[in-house]
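**Q** For reference, the file coords.cif (mmCIF, C-alpha atoms) is included below:
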data_final
loop_
_atom_site.label_atom_id
_atom_site.label_comp_id
_atom_site.auth_asym_id
_atom_site.auth_seq_id
_atom_site.Cartn_x
_atom_site.Cartn_y
_atom_site.Cartn_z
CA MET E 1 -30.57 -9.60 -7.41
CA SER E 2 -27.58 -11.53 -6.19
CA GLU E 3 -24.42 -9.79 -5.08
CA SER E 4 -21.62 -9.74 -7.69
CA LYS E 5 -18.31 -11.36 -6.81
CA GLN E 6 -16.62 -7.92 -6.75
CA ASP E 7 -19.29 -6.56 -4.41
CA GLU E 8 -19.00 -9.60 -2.13
CA GLY E 9 -15.22 -9.13 -1.78
CA LEU E 10 -15.63 -5.39 -1.19
CA ARG E 11 -18.29 -5.97 1.46
CA LEU E 12 -16.07 -8.44 3.34
CA LEU E 13 -13.14 -6.02 3.28
CA GLN E 14 -15.13 -2.98 4.32
CA ASN E 15 -16.71 -4.97 7.15
CA GLU E 16 -13.21 -6.00 8.27
CA GLN E 17 -14.04 -9.72 7.86
CA ILE E 18 -10.47 -10.54 6.87
CA ASN E 19 -10.49 -14.30 7.48
CA GLU E 20 -13.64 -14.61 5.40
CA PHE E 21 -12.20 -12.30 2.72
CA ASN E 22 -8.98 -14.32 2.49
CA GLU E 23 -10.95 -17.56 2.16
CA TRP E 24 -13.15 -15.94 -0.50
CA ARG E 25 -10.03 -14.62 -2.26
CA MET E 26 -8.43 -18.08 -2.37
CA ASN E 27 -11.60 -19.38 -4.03
CA ASN E 28 -11.55 -16.51 -6.56
CA LEU E 29 -7.87 -16.24 -7.44
CA THR E 30 -8.44 -15.59 -11.14
CA LEU E 31 -10.82 -12.69 -10.50
CA LYS E 32 -9.18 -9.29 -11.16
CA LEU E 33 -10.34 -7.18 -8.25
CA VAL E 34 -11.00 -3.51 -9.00
CA PHE E 35 -11.82 -1.39 -5.95
CA ASP E 36 -10.87 2.00 -7.42
CA GLY E 37 -12.09 5.08 -5.55
CA LYS E 38 -13.28 3.14 -2.50
CA ASP E 39 -13.05 4.28 1.13
CA PHE E 40 -11.11 2.00 3.46
CA SER E 41 -10.19 4.73 5.94
CA ASN E 42 -10.14 3.92 9.66
CA ARG E 43 -10.51 0.18 8.97
CA ASP E 44 -8.41 -2.75 10.09
CA ILE E 45 -7.67 -4.88 7.04
CA SER E 46 -4.43 -6.31 8.37
CA ASN E 47 -3.31 -9.67 6.95
CA ALA E 48 -5.56 -9.35 3.87
CA TYR E 49 -4.57 -11.00 0.58
CA LEU E 50 -4.87 -7.99 -1.71
CA ASN E 51 -2.16 -8.80 -4.24
CA GLY E 52 -2.87 -7.69 -7.78
CA THR E 53 -5.87 -5.58 -6.76
CA SER E 54 -6.57 -2.16 -8.25
CA PHE E 55 -7.18 0.52 -5.59
CA ASN E 56 -6.51 3.65 -7.65
CA ASN E 57 -7.77 6.85 -6.00
CA SER E 58 -8.75 4.97 -2.83
CA ASP E 59 -8.57 6.20 0.77
CA PHE E 60 -6.74 4.14 3.40
CA SER E 61 -6.17 7.06 5.80
CA ASN E 62 -5.66 5.97 9.42
CA SER E 63 -6.26 2.34 8.48
CA LYS E 64 -4.36 -0.72 9.64
CA LEU E 65 -2.84 -2.81 6.87
CA ARG E 66 -0.27 -4.66 8.98
CA SER E 67 1.17 -7.70 7.19
CA ALA E 68 -1.18 -7.23 4.24
CA ASN E 69 -0.15 -8.51 0.80
CA LEU E 70 -0.37 -5.72 -1.78
CA VAL E 71 2.20 -7.17 -4.18
CA GLN E 72 1.64 -5.95 -7.76
CA SER E 73 -1.34 -3.84 -6.70
CA SER E 74 -2.20 -0.56 -8.37
CA LEU E 75 -2.62 2.24 -5.83
CA LEU E 76 -2.23 5.36 -7.98
CA ASN E 77 -3.10 8.60 -6.21
CA SER E 78 -4.25 6.81 -3.06
CA LYS E 79 -4.19 8.12 0.50
CA PHE E 80 -2.45 6.28 3.34
CA ASP E 81 -2.04 9.25 5.69
CA GLY E 82 -1.54 7.97 9.24
CA ALA E 83 -1.89 4.33 8.15
CA ASP E 84 -0.08 1.40 9.76
CA LEU E 85 1.65 -0.46 6.93
CA SER E 86 4.16 -2.27 9.12
CA ASN E 87 5.33 -5.61 7.71
CA THR E 88 3.25 -5.05 4.57
CA LEU E 89 4.35 -6.47 1.23
CA MET E 90 4.22 -3.76 -1.47
CA MET E 91 6.68 -5.24 -3.98
CA TYR E 92 6.08 -4.12 -7.56
CA ALA E 93 3.13 -2.00 -6.36
CA ILE E 94 2.27 1.17 -8.27
CA LEU E 95 1.93 4.04 -5.80
CA ARG E 96 2.66 7.06 -8.01
CA ASP E 97 1.28 10.35 -6.65
CA SER E 98 0.16 8.69 -3.39
CA PHE E 99 0.15 10.14 0.11
CA LEU E 100 1.85 8.09 2.83
CA THR E 101 2.48 10.93 5.29
CA ASN E 102 2.82 10.15 8.98
CA SER E 103 2.50 6.42 8.28
CA ASN E 104 4.14 3.49 10.02
CA LEU E 105 6.38 1.88 7.40
CA ASP E 106 8.35 -0.40 9.75
CA ASN E 107 9.60 -3.45 7.84
CA THR E 108 7.43 -2.55 4.83
CA ASN E 109 8.78 -4.00 1.60
CA PHE E 110 8.57 -1.59 -1.37
CA MET E 111 11.06 -3.51 -3.53
CA CYS E 112 10.66 -2.42 -7.19
CA ALA E 113 7.62 -0.30 -6.26
CA GLU E 114 6.77 2.86 -8.20
CA LEU E 115 6.57 5.76 -5.74
CA GLN E 116 7.19 8.69 -8.10
CA ARG E 117 5.95 12.01 -6.70
CA SER E 118 4.56 10.30 -3.59
CA ASP E 119 4.67 12.02 -0.22
CA ILE E 120 6.16 9.96 2.62
CA ARG E 121 7.15 12.83 4.93
CA GLY E 122 6.70 12.26 8.65
CA SER E 123 6.52 8.49 8.26
CA VAL E 124 8.30 6.02 10.51
CA LEU E 125 11.01 4.11 8.70
CA ASN E 126 12.68 1.14 10.36
CA LYS E 127 14.16 -1.55 8.14
CA THR E 128 11.92 -0.26 5.33
CA ILE E 129 12.91 -1.77 2.00
CA PHE E 130 13.07 0.44 -1.09
CA VAL E 131 15.48 -1.76 -3.07
CA GLU E 132 15.15 -0.88 -6.78
CA ALA E 133 12.12 1.29 -5.99
CA ASP E 134 11.47 4.41 -8.07
CA LEU E 135 11.27 7.36 -5.67
CA THR E 136 11.81 10.02 -8.34
CA ASP E 137 10.57 13.39 -7.06
CA ALA E 138 9.11 11.77 -3.92
CA LYS E 139 8.75 14.01 -0.89
CA THR E 140 11.18 12.59 1.69
CA PHE E 141 12.23 15.72 3.56
CA GLY E 142 13.09 14.99 7.20
CA LEU E 143 13.22 11.20 6.82
CA ASP E 144 16.33 9.36 7.97
CA LYS E 145 17.58 7.29 5.05
CA ASP E 146 19.77 5.27 7.44
CA ASN E 147 16.61 3.45 8.53
CA ALA E 148 15.84 2.29 5.00
CA PHE E 149 17.39 -0.05 2.46
CA LEU E 150 17.80 2.01 -0.72
CA LYS E 151 20.10 -0.13 -2.89
CA PHE E 152 19.64 0.64 -6.60
CA SER E 153 16.70 2.97 -5.87
CA LYS E 154 15.95 5.90 -8.16
CA LEU E 155 16.22 8.97 -5.93
CA LYS E 156 16.35 11.87 -8.39
CA GLY E 157 14.57 14.89 -6.97
CA THR E 158 14.43 13.57 -3.38
CA THR E 159 16.32 14.90 -0.36
CA TRP E 160 18.09 11.51 -0.31
CA GLU E 161 19.65 12.09 -3.74
#
Translate this structure into structure tokens?

**A**
Amino acid sequence: MSESKQDEGLRLLQNEQINEFNEWRMNNLTLKLVFDGKDFSNRDISNAYLNGTSFNNSDFSNSKLRSANLVQSSLLNSKFDGADLSNTLMMYAILRDSFLTNSNLDNTNFMCAELQRSDIRGSVLNKTIFVEADLTDAKTFGLDKDNAFLKFSKLKGTTWE
């Protein structure tokens, strides 16, 4: 039986074949990728074109996602503990109830992202963009808001309120 398109994309990502994945993705732009509940922990998937992909309940703990494109992706209840998300595009991403503790969020762009009830404690913020992001009830204790751009963000229930 031949491998489905979804399975082919997943295999390339999990094997860290990012150049091949990005080429495959460009040839399958209309395919709605659904990788819910998958394990991407301890993998290097930096520079991957993951925009619009569903990764609900997935594990990215200790992974490298540097300069990845996760624009408009759904990442509900996902784990990014200890992940390197530096320079990652997360605009309009849905990250409600996610765990981003002890992560590198340098230059990460969360513009208009939904981060309600997410835990970002212990993460490194440096020029991190949360413009118009919804951080309602997010766990931010101990984070220096001076290292983040928070213009028009919803901060109700955070220590940054």

**Q** Since I can't run it myself right now, could you work out what the PyMOL selection byres ((chain E and resi 47) around 9) selects here and report it as a list in words?

**A**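 After applying the PyMOL selection byres ((chain E and resi 47) around 9), what remains is Ile18, Asn19, Asn22, Ile45, Ser46, Ala48, Tyr49, Leu50, Leu65, Arg66, Ser67, Ala68, Asn69 and Thr88 of chain E.
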
**Q** Which residues fall under the PyMOL selection byres ((chain E and resi 144) around 12) in this file, as a list in words?

**A** Ile120, Arg121, Gly122, Ser123, Val124, Leu125, Asn126, Lys127, Thr128, Thr140, Phe141, Gly142, Leu143, Lys145, Asp146, Asn147, Ala148, Phe149, Leu150, Thr159 and Trp160 of chain E

**Q** Of the candidates E:Leu31, E:Met26, E:Ile94, E:Leu13, which shows the shortest atom-to-atom distance to Asp44 (chain E), using all atoms listed in the file?

**A**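 Result for the nearest residue to Asp44 (chain E): E:Leu13.
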
**Q** So how many Å separate CA of Phe35 (chain E) and CA of Phe55 (chain E), to one decimal?

**A**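 So the answer is 5.0 Å.
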
**Q** What's the separation between CA of Lys64 (chain E) and CA of Glu3 (chain E), in Å to one decimal place?

**A**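 Separating CA of Lys64 (chain E) from CA of Glu3 (chain E) is a distance of 26.5 Å.
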
**Q** Can you tell me how far CA of Leu33 (chain E) sits from CA of Asp97 (chain E), in Å to one decimal?

**A**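 We find that CA of Leu33 (chain E) and CA of Asp97 (chain E) lie 21.1 Å from each other.
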
**Q** So which one's closest to Asn57 (chain E), E:Asp39, E:Glu132, E:Glu23, E:Glu8? Using only C-alpha atoms, please.

**A**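 When distances to Asn57 (chain E) are compared using only C-alpha atoms, the smallest one comes from E:Asp39.
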
**Q** Which polymer residues, whether protein, DNA or RNA, lie within 7 Å of the coordinate (-8.4, 7.0, -7.2) when you count only C-alpha atoms? List them as a list of chain:residue names, using the chain letters and numbers from the file.

**A** E:Asp36, E:Gly37, E:Phe55, E:Asn56, E:Asn57, E:Ser58, E:Leu76, E:Asn77, E:Ser78

**Q** Find the residues near Leu135 (chain E): any atom within 10 Å, counting all atoms listed in the file, skip ones fewer than 2 places away on the same chain, and give them as a list in words.

**A**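 Within the cut-off, the hits are Leu95, Arg96, Cys112, Ala113, Glu114, Leu115, Gln116, Arg117, Ser118, Asp119, Phe130, Glu132, Ala133, Asp137, Ala138, Lys139, Thr140, Leu150, Ser153, Lys154, Leu155, Lys156, Gly157, Thr158, Trp160 and Glu161 of chain E.
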